[in-house]
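A.B. asks: If you scroll down you'll find the structure; I have some questions about it.
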Amino acid sequence: MSNNNSSTIANRRRFLSQLALGAAALPLLRWAPAQAADLPHLSVDDPSAKALGYTESAAKLDPKTEASYKPGSRCGSCALFQGKDAQGDYAGCAAFPGKAVNKNGWCRAYSKAG
Ligand code: SF4
């Protein structure tokens, strides 16, 4: 009887220990690569994207019609691009929280990375 009780207590302790480890790891799992992989791509039709003239392809911009565009500038060289968390061609951007922008894109908030 007491052997059965100590076995039950050991099982309960093991279960609680695993539960605690799992609970401790949850925030890390949610936080870790949550960046670009989980972010929806910014649509050029999004009102905030339109307001800043966001495009997915800076190379197609014409400096004559987009006066603030400097040839060669693109999201990938912008200080607001969160490239270290990039997932493929996309990463977060400080100008568009919660959205991922294309590394070859551009918008009027472009700021050359130092
Ligand atoms: S702020 Fe920079 S990284 Fe963000 S969309 Fe504009 S050019 Fe791209």
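Going through the structure tokens in order, the chains are called A, B, and so on, while each chain numbers its residues from 1 and the ligands are numbered from 1 in the order shown.
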As a ChimeraX atom specification, please: every protein or nucleic acid residue near ligand 1 (cut-off 9 Å, counting only C-alpha atoms and all ligand atoms).
C.D. replies: /A:42,49,52-56,58,73-83,91-96,100-112
A.B. asks: Would you output that residue set with N, CA and C atoms, as a compact mmCIF listing (two decimals), in the first residue's frame?
C.D. replies:
# COMPACT_ATOMS: atom_id res chain seq x y z
N LEU A 42 2.74 43.19 -45.83
CA LEU A 42 2.07 44.47 -46.01
C LEU A 42 1.55 44.57 -47.44
N ALA A 49 0.13 51.87 -46.09
CA ALA A 49 1.11 51.64 -47.15
C ALA A 49 0.92 52.66 -48.26
N LEU A 52 2.27 56.11 -47.48
CA LEU A 52 3.73 56.26 -47.57
C LEU A 52 4.28 55.78 -48.91
N GLY A 53 3.38 55.48 -49.84
CA GLY A 53 3.80 55.08 -51.18
C GLY A 53 4.57 53.78 -51.21
N TYR A 54 4.23 52.86 -50.32
CA TYR A 54 4.95 51.58 -50.29
C TYR A 54 4.78 50.81 -51.59
N THR A 55 5.88 50.26 -52.06
CA THR A 55 5.86 49.37 -53.21
C THR A 55 6.70 48.14 -52.87
N GLU A 56 6.40 47.02 -53.50
CA GLU A 56 7.16 45.80 -53.26
C GLU A 56 8.41 45.75 -54.12
N ALA A 58 11.19 48.43 -55.43
CA ALA A 58 11.75 49.77 -55.56
C ALA A 58 12.34 50.00 -56.95
N SER A 73 17.94 52.83 -53.31
CA SER A 73 17.41 52.66 -51.95
C SER A 73 16.31 51.61 -51.97
N ARG A 74 16.24 50.84 -50.95
CA ARG A 74 15.24 49.78 -50.83
C ARG A 74 15.14 49.37 -49.37
N CYS A 75 14.10 48.63 -49.04
CA CYS A 75 13.87 48.23 -47.65
C CYS A 75 15.09 47.54 -47.04
N GLY A 76 15.74 46.70 -47.81
CA GLY A 76 16.89 45.96 -47.30
C GLY A 76 18.03 46.84 -46.81
N SER A 77 18.07 48.10 -47.24
CA SER A 77 19.13 49.00 -46.77
C SER A 77 18.57 50.12 -45.89
N CYS A 78 17.35 49.93 -45.44
CA CYS A 78 16.67 50.94 -44.61
C CYS A 78 16.89 50.64 -43.12
N ALA A 79 17.07 51.69 -42.35
CA ALA A 79 17.30 51.54 -40.91
C ALA A 79 16.08 50.96 -40.19
N LEU A 80 14.90 51.10 -40.79
CA LEU A 80 13.68 50.61 -40.15
C LEU A 80 13.37 49.15 -40.46
N PHE A 81 14.12 48.57 -41.38
CA PHE A 81 13.93 47.17 -41.78
C PHE A 81 14.53 46.27 -40.72
N GLN A 82 13.77 45.28 -40.26
CA GLN A 82 14.22 44.39 -39.18
C GLN A 82 14.78 43.10 -39.78
N GLY A 83 15.82 43.28 -40.58
CA GLY A 83 16.38 42.20 -41.38
C GLY A 83 16.90 41.01 -40.61
N ALA A 91 10.59 40.91 -43.89
CA ALA A 91 10.92 41.14 -42.48
C ALA A 91 10.05 42.28 -41.97
N GLY A 92 9.99 42.41 -40.68
CA GLY A 92 9.21 43.48 -40.08
C GLY A 92 9.81 44.85 -40.41
N CYS A 93 9.01 45.87 -40.21
CA CYS A 93 9.44 47.25 -40.46
C CYS A 93 8.86 48.10 -39.35
N ALA A 94 9.69 48.96 -38.78
CA ALA A 94 9.24 49.80 -37.67
C ALA A 94 8.16 50.79 -38.10
N ALA A 95 8.10 51.10 -39.39
CA ALA A 95 7.08 52.03 -39.87
C ALA A 95 5.71 51.37 -40.01
N PHE A 96 5.71 50.04 -40.10
CA PHE A 96 4.46 49.30 -40.28
C PHE A 96 4.40 48.16 -39.26
N ALA A 100 5.02 42.59 -42.43
CA ALA A 100 6.33 42.33 -43.00
C ALA A 100 6.40 42.99 -44.38
N VAL A 101 7.54 43.58 -44.66
CA VAL A 101 7.72 44.26 -45.94
C VAL A 101 8.80 43.52 -46.74
N ASN A 102 8.77 43.71 -48.04
CA ASN A 102 9.72 43.03 -48.92
C ASN A 102 11.06 43.75 -48.90
N LYS A 103 12.15 42.99 -48.84
CA LYS A 103 13.48 43.61 -48.77
C LYS A 103 13.78 44.45 -50.02
N ASN A 104 13.07 44.17 -51.11
CA ASN A 104 13.26 44.94 -52.34
C ASN A 104 12.24 46.05 -52.50
N GLY A 105 11.44 46.25 -51.44
CA GLY A 105 10.42 47.29 -51.48
C GLY A 105 10.99 48.66 -51.10
N TRP A 106 10.08 49.58 -50.93
CA TRP A 106 10.48 50.95 -50.57
C TRP A 106 9.24 51.73 -50.16
N CYS A 107 9.45 52.74 -49.31
CA CYS A 107 8.38 53.70 -49.01
C CYS A 107 9.02 55.04 -48.66
N ARG A 108 8.19 56.07 -48.51
CA ARG A 108 8.70 57.44 -48.27
C ARG A 108 9.33 57.61 -46.89
N ALA A 109 9.17 56.61 -46.01
CA ALA A 109 9.81 56.68 -44.69
C ALA A 109 11.24 56.14 -44.74
N TYR A 110 11.70 55.83 -45.94
CA TYR A 110 13.04 55.24 -46.07
C TYR A 110 14.09 56.10 -45.37
N SER A 111 14.93 55.41 -44.62
CA SER A 111 16.03 56.07 -43.93
C SER A 111 17.25 55.16 -44.06
N LYS A 112 18.24 55.64 -44.76
CA LYS A 112 19.42 54.78 -45.03
C LYS A 112 20.02 54.29 -43.72
A.B. asks: List every residue of range 31-99 of chain A that DSSP, applied to the backbone of this structure, assigns to helix (DSSP H, G or I), and report them as a PyMOL selection string.
C.D. replies: chain A and resi 31+47-51+58-60+75-77+83-85
A.B. asks: Based on the selection just made, write N, CA and C atoms of those residues as a short mmCIF file (atom, residue, chain, number, x, y, z; two decimals), in the first residue's frame.
C.D. replies:
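Produced file again_21.cif, reproduced below:
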data_model
loop_
_atom_site.label_atom_id
_atom_site.label_comp_id
_atom_site.auth_asym_id
_atom_site.auth_seq_id
_atom_site.Cartn_x
_atom_site.Cartn_y
_atom_site.Cartn_z
N TRP A 31 7.54 33.82 -28.34
CA TRP A 31 8.31 35.03 -28.62
C TRP A 31 9.38 34.81 -29.67
N PRO A 47 -4.13 51.13 -46.35
CA PRO A 47 -4.15 52.60 -46.31
C PRO A 47 -2.83 53.22 -45.81
N SER A 48 -2.20 52.60 -44.82
CA SER A 48 -0.94 53.17 -44.32
C SER A 48 0.18 52.97 -45.35
N ALA A 49 0.13 51.87 -46.09
CA ALA A 49 1.11 51.64 -47.15
C ALA A 49 0.92 52.66 -48.26
N LYS A 50 -0.33 52.91 -48.61
CA LYS A 50 -0.62 53.90 -49.66
C LYS A 50 -0.15 55.29 -49.24
N ALA A 51 -0.38 55.61 -47.95
CA ALA A 51 0.00 56.94 -47.46
C ALA A 51 1.49 57.19 -47.59
N ALA A 58 11.19 48.43 -55.43
CA ALA A 58 11.75 49.77 -55.56
C ALA A 58 12.34 50.00 -56.95
N ALA A 59 12.83 48.93 -57.57
CA ALA A 59 13.47 49.05 -58.88
C ALA A 59 12.52 49.59 -59.94
N LYS A 60 11.21 49.43 -59.71
CA LYS A 60 10.22 49.89 -60.69
C LYS A 60 9.84 51.35 -60.49
N CYS A 75 14.10 48.63 -49.04
CA CYS A 75 13.87 48.23 -47.65
C CYS A 75 15.09 47.54 -47.04
N GLY A 76 15.74 46.70 -47.81
CA GLY A 76 16.89 45.96 -47.30
C GLY A 76 18.03 46.84 -46.81
N SER A 77 18.07 48.10 -47.24
CA SER A 77 19.13 49.00 -46.77
C SER A 77 18.57 50.12 -45.89
N GLY A 83 15.82 43.28 -40.58
CA GLY A 83 16.38 42.20 -41.38
C GLY A 83 16.90 41.01 -40.61
N LYS A 84 17.31 41.20 -39.38
CA LYS A 84 17.86 40.04 -38.65
C LYS A 84 16.77 39.00 -38.38
N ASP A 85 15.52 39.40 -38.47
CA ASP A 85 14.42 38.47 -38.28
C ASP A 85 13.76 38.10 -39.61
#
A.B. asks: So the first atom is CA of Leu61 in chain A and the second is CA of Asp46 in chain A; what is the distance between them in Å, to one decimal place?
C.D. replies: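 Computing the Euclidean distance for CA of Leu61 in chain A and CA of Asp46 in chain A yields 18.4 Å.
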A.B. asks: To one decimal place, how far is CA of Ala113 in chain A from CA of Ser68 in chain A in Å?
C.D. replies: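 A separation of 16.2 Å between them.
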